[in-house]
>>> print(open('upload-v2.txt').read())   # compact mmCIF, N, CA and C atoms
# COMPACT_ATOMS: atom_id res chain seq x y z
N MET I 1 74.84 -11.81 -8.07
CA MET I 1 74.10 -10.63 -8.34
C MET I 1 73.33 -10.75 -9.64
N ASN I 2 72.20 -10.09 -9.67
CA ASN I 2 71.34 -10.14 -10.83
C ASN I 2 71.82 -9.13 -11.85
N LYS I 3 71.87 -9.55 -13.13
CA LYS I 3 72.35 -8.65 -14.17
C LYS I 3 71.36 -7.54 -14.48
N PHE I 4 70.07 -7.85 -14.25
CA PHE I 4 69.05 -6.85 -14.61
C PHE I 4 68.65 -6.05 -13.37
N PRO I 5 68.53 -4.76 -13.54
CA PRO I 5 68.11 -3.95 -12.39
C PRO I 5 66.65 -4.28 -12.03
N SER I 6 66.33 -4.25 -10.76
CA SER I 6 64.95 -4.57 -10.35
C SER I 6 64.02 -3.42 -10.71
N ARG I 7 62.89 -3.81 -11.21
CA ARG I 7 61.90 -2.80 -11.58
C ARG I 7 60.74 -2.89 -10.58
N ALA I 8 60.16 -1.75 -10.29
CA ALA I 8 58.98 -1.74 -9.43
C ALA I 8 57.83 -2.35 -10.22
N ARG I 9 57.16 -3.34 -9.63
CA ARG I 9 56.09 -4.03 -10.33
C ARG I 9 54.77 -3.46 -9.86
N GLY I 10 53.86 -3.05 -10.77
CA GLY I 10 52.53 -2.51 -10.46
C GLY I 10 51.47 -3.41 -11.06
N PHE I 11 50.26 -2.92 -11.04
CA PHE I 11 49.15 -3.67 -11.63
C PHE I 11 49.09 -3.40 -13.12
N THR I 12 48.70 -4.41 -13.85
CA THR I 12 48.54 -4.22 -15.29
C THR I 12 47.17 -3.61 -15.55
N LEU I 13 46.98 -3.10 -16.74
CA LEU I 13 45.71 -2.50 -17.12
C LEU I 13 44.58 -3.52 -17.05
N ILE I 14 44.84 -4.73 -17.45
CA ILE I 14 43.82 -5.79 -17.41
C ILE I 14 43.40 -6.06 -15.97
N GLU I 15 44.33 -6.12 -15.05
CA GLU I 15 43.99 -6.38 -13.64
C GLU I 15 43.13 -5.24 -13.07
N ILE I 16 43.44 -4.03 -13.43
CA ILE I 16 42.67 -2.89 -12.95
C ILE I 16 41.25 -2.93 -13.54
N LEU I 17 41.12 -3.25 -14.82
CA LEU I 17 39.80 -3.31 -15.44
C LEU I 17 38.95 -4.43 -14.84
N VAL I 18 39.55 -5.56 -14.53
CA VAL I 18 38.81 -6.65 -13.90
C VAL I 18 38.34 -6.23 -12.50
N ALA I 19 39.20 -5.58 -11.75
CA ALA I 19 38.83 -5.12 -10.41
C ALA I 19 37.69 -4.11 -10.49
N LEU I 20 37.74 -3.19 -11.44
CA LEU I 20 36.67 -2.21 -11.61
C LEU I 20 35.36 -2.89 -12.00
N ALA I 21 35.43 -3.91 -12.84
CA ALA I 21 34.21 -4.62 -13.24
C ALA I 21 33.58 -5.32 -12.03
N VAL I 22 34.39 -5.92 -11.19
CA VAL I 22 33.88 -6.59 -9.98
C VAL I 22 33.23 -5.57 -9.05
N ILE I 23 33.88 -4.44 -8.84
CA ILE I 23 33.34 -3.39 -7.97
C ILE I 23 32.04 -2.83 -8.55
N ALA I 24 32.02 -2.59 -9.86
CA ALA I 24 30.80 -2.05 -10.49
C ALA I 24 29.64 -3.02 -10.35
N THR I 25 29.87 -4.30 -10.48
CA THR I 25 28.82 -5.30 -10.33
C THR I 25 28.30 -5.31 -8.89
N ALA I 26 29.20 -5.24 -7.94
CA ALA I 26 28.79 -5.23 -6.53
C ALA I 26 27.98 -3.98 -6.21
N VAL I 27 28.39 -2.83 -6.70
CA VAL I 27 27.67 -1.57 -6.45
C VAL I 27 26.29 -1.63 -7.10
N ALA I 28 26.20 -2.16 -8.30
CA ALA I 28 24.90 -2.28 -8.98
C ALA I 28 23.95 -3.18 -8.19
N ALA I 29 24.45 -4.26 -7.62
CA ALA I 29 23.62 -5.15 -6.82
C ALA I 29 23.12 -4.46 -5.55
N VAL I 30 23.99 -3.69 -4.92
CA VAL I 30 23.59 -2.95 -3.71
C VAL I 30 22.53 -1.90 -4.04
N VAL I 31 22.70 -1.17 -5.13
CA VAL I 31 21.73 -0.16 -5.54
C VAL I 31 20.39 -0.81 -5.85
N ALA I 32 20.38 -1.94 -6.53
CA ALA I 32 19.13 -2.64 -6.84
C ALA I 32 18.43 -3.11 -5.58
N ALA I 33 19.20 -3.62 -4.62
CA ALA I 33 18.60 -4.09 -3.37
C ALA I 33 18.00 -2.93 -2.57
N VAL I 34 18.69 -1.82 -2.50
CA VAL I 34 18.18 -0.66 -1.77
C VAL I 34 16.93 -0.11 -2.46
N SER I 35 16.94 -0.07 -3.78
CA SER I 35 15.78 0.42 -4.53
C SER I 35 14.57 -0.48 -4.29
N ALA I 36 14.76 -1.77 -4.29
CA ALA I 36 13.66 -2.70 -4.02
C ALA I 36 13.13 -2.53 -2.61
N PHE I 37 14.02 -2.31 -1.65
CA PHE I 37 13.61 -2.10 -0.26
C PHE I 37 12.77 -0.83 -0.13
N VAL I 38 13.20 0.25 -0.76
CA VAL I 38 12.48 1.51 -0.68
C VAL I 38 11.10 1.38 -1.35
N ASN I 39 11.04 0.75 -2.50
CA ASN I 39 9.75 0.55 -3.18
C ASN I 39 8.81 -0.30 -2.34
N ASN I 40 9.32 -1.34 -1.72
CA ASN I 40 8.50 -2.21 -0.89
C ASN I 40 8.01 -1.47 0.35
N ALA I 41 8.85 -0.66 0.95
CA ALA I 41 8.45 0.11 2.13
C ALA I 41 7.34 1.09 1.77
N ALA I 42 7.44 1.75 0.62
CA ALA I 42 6.40 2.68 0.19
C ALA I 42 5.09 1.94 -0.08
N TYR I 43 5.16 0.78 -0.71
CA TYR I 43 3.96 -0.01 -1.00
C TYR I 43 3.29 -0.45 0.29
N LEU I 44 4.06 -0.91 1.26
CA LEU I 44 3.49 -1.34 2.53
C LEU I 44 2.89 -0.17 3.29
N ARG I 45 3.51 0.99 3.23
CA ARG I 45 2.95 2.20 3.86
C ARG I 45 1.59 2.52 3.25
N ASP I 46 1.51 2.50 1.91
CA ASP I 46 0.25 2.79 1.24
C ASP I 46 -0.83 1.77 1.57
N ARG I 47 -0.47 0.50 1.63
CA ARG I 47 -1.44 -0.54 1.97
C ARG I 47 -1.95 -0.35 3.41
N THR I 48 -1.05 0.00 4.31
CA THR I 48 -1.45 0.21 5.71
C THR I 48 -2.39 1.39 5.84
N LEU I 49 -2.06 2.51 5.19
CA LEU I 49 -2.92 3.68 5.26
C LEU I 49 -4.28 3.41 4.61
N ALA I 50 -4.29 2.69 3.49
CA ALA I 50 -5.55 2.35 2.83
C ALA I 50 -6.40 1.45 3.74
N HIS I 51 -5.77 0.55 4.46
CA HIS I 51 -6.50 -0.30 5.39
C HIS I 51 -7.14 0.54 6.50
N TRP I 52 -6.41 1.54 6.98
CA TRP I 52 -6.98 2.43 8.00
C TRP I 52 -8.16 3.21 7.45
N VAL I 53 -8.09 3.62 6.18
CA VAL I 53 -9.21 4.33 5.55
C VAL I 53 -10.44 3.41 5.54
N VAL I 54 -10.25 2.17 5.16
CA VAL I 54 -11.35 1.20 5.12
C VAL I 54 -11.94 1.01 6.52
N MET I 55 -11.08 0.80 7.50
CA MET I 55 -11.57 0.57 8.86
C MET I 55 -12.27 1.81 9.42
N ASN I 56 -11.77 3.00 9.09
CA ASN I 56 -12.44 4.23 9.53
C ASN I 56 -13.82 4.35 8.90
N LYS I 57 -13.95 4.00 7.63
CA LYS I 57 -15.24 4.09 6.96
C LYS I 57 -16.23 3.10 7.57
N VAL I 58 -15.79 1.90 7.86
CA VAL I 58 -16.65 0.91 8.51
C VAL I 58 -17.10 1.44 9.87
N ALA I 59 -16.17 1.99 10.64
CA ALA I 59 -16.53 2.53 11.96
C ALA I 59 -17.52 3.69 11.84
N GLU I 60 -17.31 4.57 10.85
CA GLU I 60 -18.25 5.68 10.64
C GLU I 60 -19.66 5.15 10.38
N LEU I 61 -19.77 4.15 9.53
CA LEU I 61 -21.07 3.59 9.21
C LEU I 61 -21.70 2.91 10.42
N GLN I 62 -20.90 2.27 11.25
CA GLN I 62 -21.43 1.57 12.41
C GLN I 62 -21.92 2.54 13.49
N VAL I 63 -21.24 3.66 13.68
CA VAL I 63 -21.63 4.58 14.75
C VAL I 63 -22.59 5.67 14.29
N SER I 64 -22.83 5.78 12.99
CA SER I 64 -23.68 6.86 12.51
C SER I 64 -25.15 6.68 12.90
N GLY I 65 -25.57 5.45 13.13
CA GLY I 65 -26.97 5.21 13.46
C GLY I 65 -27.88 5.27 12.25
N GLU I 66 -27.31 5.39 11.08
CA GLU I 66 -28.11 5.44 9.85
C GLU I 66 -28.15 4.06 9.21
N TRP I 67 -29.19 3.83 8.41
CA TRP I 67 -29.34 2.58 7.69
C TRP I 67 -29.15 2.90 6.21
N PRO I 68 -27.96 2.62 5.64
CA PRO I 68 -27.73 2.98 4.24
C PRO I 68 -28.59 2.16 3.28
N ASN I 69 -28.94 2.77 2.18
CA ASN I 69 -29.68 2.06 1.14
C ASN I 69 -28.73 1.10 0.42
N PRO I 70 -29.24 -0.07 0.02
CA PRO I 70 -28.39 -0.96 -0.77
C PRO I 70 -27.92 -0.26 -2.04
N GLY I 71 -26.69 -0.48 -2.39
CA GLY I 71 -26.11 0.16 -3.57
C GLY I 71 -24.66 0.52 -3.31
N ILE I 72 -24.13 1.36 -4.18
CA ILE I 72 -22.71 1.72 -4.11
C ILE I 72 -22.59 3.21 -3.81
N GLN I 73 -21.74 3.51 -2.85
CA GLN I 73 -21.40 4.89 -2.50
C GLN I 73 -19.91 5.09 -2.75
N HIS I 74 -19.56 6.29 -3.21
CA HIS I 74 -18.15 6.64 -3.41
C HIS I 74 -17.84 7.89 -2.61
N GLY I 75 -16.60 8.04 -2.23
CA GLY I 75 -16.21 9.24 -1.51
C GLY I 75 -14.70 9.31 -1.36
N GLU I 76 -14.27 10.31 -0.63
CA GLU I 76 -12.84 10.50 -0.36
C GLU I 76 -12.62 10.75 1.11
N SER I 77 -11.48 10.33 1.60
CA SER I 77 -11.06 10.57 2.97
C SER I 77 -9.62 11.05 2.96
N LEU I 78 -9.32 11.96 3.86
CA LEU I 78 -7.95 12.46 4.00
C LEU I 78 -7.25 11.67 5.09
N MET I 79 -6.13 11.07 4.75
CA MET I 79 -5.34 10.30 5.71
C MET I 79 -3.88 10.50 5.37
N ALA I 80 -3.10 10.97 6.34
CA ALA I 80 -1.66 11.19 6.16
C ALA I 80 -1.38 12.14 4.99
N ASP I 81 -2.11 13.24 4.96
CA ASP I 81 -1.94 14.27 3.92
C ASP I 81 -2.15 13.73 2.50
N HIS I 82 -3.00 12.74 2.37
CA HIS I 82 -3.29 12.16 1.06
C HIS I 82 -4.79 11.92 0.96
N ALA I 83 -5.38 12.26 -0.17
CA ALA I 83 -6.81 12.01 -0.40
C ALA I 83 -6.99 10.61 -0.96
N TRP I 84 -7.63 9.75 -0.19
CA TRP I 84 -7.88 8.37 -0.59
C TRP I 84 -9.31 8.25 -1.07
N SER I 85 -9.54 7.52 -2.13
CA SER I 85 -10.89 7.25 -2.60
C SER I 85 -11.37 5.96 -1.95
N TRP I 86 -12.65 5.92 -1.63
CA TRP I 86 -13.23 4.71 -1.08
C TRP I 86 -14.55 4.40 -1.77
N GLU I 87 -14.93 3.17 -1.65
CA GLU I 87 -16.19 2.70 -2.23
C GLU I 87 -16.85 1.76 -1.23
N VAL I 88 -18.13 1.98 -0.99
CA VAL I 88 -18.89 1.10 -0.10
C VAL I 88 -20.03 0.49 -0.92
N LYS I 89 -20.07 -0.82 -0.97
CA LYS I 89 -21.16 -1.52 -1.64
C LYS I 89 -22.00 -2.17 -0.53
N ALA I 90 -23.20 -1.64 -0.34
CA ALA I 90 -24.11 -2.19 0.66
C ALA I 90 -25.07 -3.14 -0.03
N SER I 91 -25.21 -4.33 0.52
CA SER I 91 -26.12 -5.32 -0.05
C SER I 91 -26.83 -6.06 1.07
N GLY I 92 -28.00 -6.56 0.75
CA GLY I 92 -28.79 -7.27 1.74
C GLY I 92 -28.23 -8.64 2.05
N THR I 93 -28.70 -9.20 3.16
CA THR I 93 -28.34 -10.55 3.56
C THR I 93 -29.63 -11.34 3.78
N ASP I 94 -29.51 -12.57 4.21
CA ASP I 94 -30.70 -13.38 4.50
C ASP I 94 -31.51 -12.79 5.66
N ASP I 95 -30.84 -12.08 6.54
CA ASP I 95 -31.51 -11.40 7.65
C ASP I 95 -31.84 -9.98 7.22
N PRO I 96 -33.10 -9.59 7.20
CA PRO I 96 -33.45 -8.24 6.73
C PRO I 96 -32.94 -7.13 7.63
N ASP I 97 -32.49 -7.46 8.83
CA ASP I 97 -31.97 -6.45 9.75
C ASP I 97 -30.45 -6.34 9.70
N VAL I 98 -29.82 -6.98 8.71
CA VAL I 98 -28.36 -6.94 8.59
C VAL I 98 -27.98 -6.63 7.15
N LEU I 99 -27.07 -5.68 6.98
CA LEU I 99 -26.52 -5.35 5.66
C LEU I 99 -25.08 -5.82 5.58
N ARG I 100 -24.69 -6.26 4.41
CA ARG I 100 -23.29 -6.58 4.14
C ARG I 100 -22.66 -5.35 3.51
N LEU I 101 -21.50 -4.96 4.03
CA LEU I 101 -20.76 -3.81 3.50
C LEU I 101 -19.43 -4.29 2.94
N ASP I 102 -19.21 -4.09 1.65
CA ASP I 102 -17.92 -4.35 1.01
C ASP I 102 -17.25 -2.99 0.84
N VAL I 103 -16.22 -2.75 1.61
CA VAL I 103 -15.56 -1.44 1.62
C VAL I 103 -14.19 -1.60 0.97
N THR I 104 -13.88 -0.70 0.04
CA THR I 104 -12.64 -0.76 -0.71
C THR I 104 -11.97 0.61 -0.71
N ALA I 105 -10.65 0.64 -0.62
CA ALA I 105 -9.90 1.90 -0.67
C ALA I 105 -8.94 1.89 -1.85
N TYR I 106 -8.82 3.06 -2.47
CA TYR I 106 -7.95 3.25 -3.64
C TYR I 106 -7.03 4.43 -3.37
N ALA I 107 -5.91 4.48 -4.08
CA ALA I 107 -4.94 5.56 -3.88
C ALA I 107 -5.37 6.86 -4.53
N ASP I 108 -6.24 6.81 -5.53
CA ASP I 108 -6.64 8.04 -6.22
C ASP I 108 -8.07 7.94 -6.72
N LYS I 109 -8.54 9.02 -7.35
CA LYS I 109 -9.92 9.11 -7.81
C LYS I 109 -10.24 8.14 -8.95
N ARG I 110 -9.23 7.72 -9.68
CA ARG I 110 -9.47 6.82 -10.82
C ARG I 110 -9.93 5.44 -10.37
N ARG I 111 -9.63 5.09 -9.12
CA ARG I 111 -10.00 3.80 -8.55
C ARG I 111 -9.52 2.64 -9.43
N ALA I 112 -8.26 2.72 -9.83
CA ALA I 112 -7.71 1.70 -10.72
C ALA I 112 -7.17 0.50 -9.94
N THR I 113 -6.51 0.75 -8.82
CA THR I 113 -5.86 -0.32 -8.08
C THR I 113 -6.40 -0.37 -6.66
N VAL I 114 -6.93 -1.52 -6.28
CA VAL I 114 -7.41 -1.71 -4.91
C VAL I 114 -6.21 -1.88 -3.99
N LEU I 115 -6.14 -1.05 -2.96
CA LEU I 115 -5.05 -1.18 -1.99
C LEU I 115 -5.49 -1.89 -0.72
N ALA I 116 -6.77 -1.78 -0.39
CA ALA I 116 -7.29 -2.48 0.80
C ALA I 116 -8.78 -2.68 0.63
N ASP I 117 -9.28 -3.77 1.19
CA ASP I 117 -10.71 -4.00 1.19
C ASP I 117 -11.09 -4.81 2.41
N ALA I 118 -12.37 -4.72 2.76
CA ALA I 118 -12.86 -5.45 3.93
C ALA I 118 -14.35 -5.69 3.75
N VAL I 119 -14.82 -6.72 4.42
CA VAL I 119 -16.25 -7.02 4.46
C VAL I 119 -16.69 -6.83 5.91
N ALA I 120 -17.77 -6.09 6.08
CA ALA I 120 -18.32 -5.85 7.42
C ALA I 120 -19.83 -6.03 7.35
N TYR I 121 -20.43 -6.20 8.50
CA TYR I 121 -21.88 -6.35 8.57
C TYR I 121 -22.42 -5.27 9.50
N LEU I 122 -23.54 -4.71 9.10
CA LEU I 122 -24.15 -3.61 9.84
C LEU I 122 -25.55 -4.02 10.26
N GLY I 123 -25.80 -3.95 11.58
CA GLY I 123 -27.12 -4.26 12.09
C GLY I 123 -28.02 -3.04 12.02
N LYS I 124 -29.29 -3.27 11.80
CA LYS I 124 -30.26 -2.19 11.70
C LYS I 124 -30.35 -1.49 13.06
N PRO I 125 -30.28 -0.17 13.07
CA PRO I 125 -30.34 0.53 14.35
C PRO I 125 -31.73 0.39 14.98
N ALA I 126 -31.73 0.39 16.29
CA ALA I 126 -33.00 0.27 16.99
C ALA I 126 -33.79 1.56 16.82
N PRO I 127 -35.11 1.48 16.76
CA PRO I 127 -35.90 2.70 16.64
C PRO I 127 -35.74 3.54 17.90
N PRO I 128 -35.88 4.86 17.74
CA PRO I 128 -35.72 5.71 18.92
C PRO I 128 -36.81 5.39 19.96
N ALA I 129 -36.42 5.50 21.20
CA ALA I 129 -37.36 5.22 22.29
C ALA I 129 -38.40 6.33 22.36
N ALA I 130 -39.63 5.93 22.69
CA ALA I 130 -40.71 6.91 22.83
C ALA I 130 -40.50 7.70 24.12
N PRO I 131 -40.80 8.99 24.08
CA PRO I 131 -40.64 9.79 25.31
C PRO I 131 -41.65 9.33 26.37
N PRO I 132 -41.27 9.40 27.63
CA PRO I 132 -42.17 8.93 28.71
C PRO I 132 -43.33 9.85 28.93
>>> encode(input="upload-v2.txt", output="structure tokens")
Amino acid sequence: MNKFPSRARGFTLIEILVALAVIATAVAAVVAAVSAFVNNAAYLRDRTLAHWVVMNKVAELQVSGEWPNPGIQHGESLMADHAWSWEVKASGTDDPDVLRLDVTAYADKRRATVLADAVAYLGKPAPPAAPP
């Protein structure tokens, strides 16, 4: 028989602190990963919507039947409950019947960060047909 009575053995304070440090590190890594995922998803959503703004502006110019003057135009479009700023730079090409359009979309009026851009070409509309 053992002379000493058996004592219930628990965790020491050091063991508990080490376990808490490991758990805290793991939780911090998970929070950082989720935060990065959410930020990336928001950025990709904004880039996609800005691309749609650019493509809509190109389509508007193509179907309008108008021949824009060379130069820069600015404006805003509403897409997904957000006002997007756009810029169209029309410039001539070697063919006088074709314009180059550089279309850019921005998240706000300051036009600080380009979120989407595209180059398109616009053919000169045919003159209206004479009445018979």
>>> residues_around(input="upload-v2.txt", residues="I:Leu49", least_positions_apart="6", cutoff="8 Å", atoms="only N, CA and C atoms", output="MDAnalysis selection string")
chainID I and resid 43 55 79:80 105 115:116
>>> write_last_selection(input="upload-v2.txt", atoms="N, CA and C atoms", output="PDB file, in the frame of the given file")
ATOM      1  N   TYR I  43       5.160   0.780  -0.710  1.00  0.00           N
ATOM      2  CA  TYR I  43       3.960  -0.010  -1.000  1.00  0.00           C
ATOM      3  C   TYR I  43       3.290  -0.450   0.290  1.00  0.00           C
ATOM      4  N   MET I  55     -11.080   0.800   7.500  1.00  0.00           N
ATOM      5  CA  MET I  55     -11.570   0.570   8.860  1.00  0.00           C
ATOM      6  C   MET I  55     -12.270   1.810   9.420  1.00  0.00           C
ATOM      7  N   MET I  79      -6.130  11.070   4.750  1.00  0.00           N
ATOM      8  CA  MET I  79      -5.340  10.300   5.710  1.00  0.00           C
ATOM      9  C   MET I  79      -3.880  10.500   5.370  1.00  0.00           C
ATOM     10  N   ALA I  80      -3.100  10.970   6.340  1.00  0.00           N
ATOM     11  CA  ALA I  80      -1.660  11.190   6.160  1.00  0.00           C
ATOM     12  C   ALA I  80      -1.380  12.140   4.990  1.00  0.00           C
ATOM     13  N   ALA I 105     -10.650   0.640  -0.620  1.00  0.00           N
ATOM     14  CA  ALA I 105      -9.900   1.900  -0.670  1.00  0.00           C
ATOM     15  C   ALA I 105      -8.940   1.890  -1.850  1.00  0.00           C
ATOM     16  N   LEU I 115      -6.140  -1.050  -2.960  1.00  0.00           N
ATOM     17  CA  LEU I 115      -5.050  -1.180  -1.990  1.00  0.00           C
ATOM     18  C   LEU I 115      -5.490  -1.890  -0.720  1.00  0.00           C
ATOM     19  N   ALA I 116      -6.770  -1.780  -0.390  1.00  0.00           N
ATOM     20  CA  ALA I 116      -7.290  -2.480   0.800  1.00  0.00           C
ATOM     21  C   ALA I 116      -8.780  -2.680   0.630  1.00  0.00           C
TER      22      ALA I 116
END
>>> select_by_dssp(input="upload-v2.txt", residues="chain I", states="strand (DSSP E)", output="VMD selection string")
chain I and resid 71 to 79 82 to 92 98 to 106 114 to 123
>>> closest_residue(input="upload-v2.txt", among="I:Ala21, I:Ala83, I:Leu101, I:Ala112", to="I:Val53", atoms="only C-alpha atoms")
I:Ala83
>>> closest_residue(input="upload-v2.txt", among="I:Leu122, I:Val38, I:Ile14, I:Leu61", to="I:Gly92", atoms="only C-alpha atoms")
I:Leu122
>>> select_by_dssp(input="upload-v2.txt", residues="chain I", states="helix (DSSP H, G or I)", output="VMD selection string")
chain I and resid 13 to 63
>>> closest_residue(input="upload-v2.txt", among="I:Thr113, I:Ser91, I:Thr12, I:Ser77", to="I:Val54", atoms="only C-alpha atoms")
I:Ser77
>>> closest_residue(input="upload-v2.txt", among="I:Ala120, I:Val30, I:Ala126, I:Ala41", to="I:Glu60", atoms="only C-alpha atoms")
I:Ala120
>>> atom_distance(input="upload-v2.txt", atom1="atom CA of I:Tyr121", atom2="atom N of I:His51")
18.0 Å
>>> atom_distance(input="upload-v2.txt", atom1="atom CA of I:Arg100", atom2="atom N of I:Leu44")
28.1 Å
>>> atom_distance(input="upload-v2.txt", atom1="atom CA of I:Pro127", atom2="atom C of I:Val103")
27.1 Å
>>> closest_residue(input="upload-v2.txt", among="I:Ala33, I:Val27, I:Ala90, I:Ala50", to="I:Pro68", atoms="only N, CA and C atoms")
I:Ala90
>>> axis_aligned_box(input="upload-v2.txt", around="stretch 112-116 of chain I", padding_each_side="8 Å", output="AutoDock Vina command-line options")
--center_x -6.9 --center_y 0.0 --center_z -5.0 --size_x 19.7 --size_y 21.4 --size_z 27.5
>>> residues_around(input="upload-v2.txt", residues="stretch 71-75 of chain I", least_positions_apart="5", cutoff="7 Å", atoms="only C-alpha atoms", output="list in words")
Ser85, Trp86, Glu87, Val88, Lys89, Ala90 and Ser91 of chain I
>>> closest_residue(input="upload-v2.txt", among="I:Lys109, I:Lys57, I:Lys124, I:Arg9", to="I:His82", atoms="only C-alpha atoms")
I:Lys109
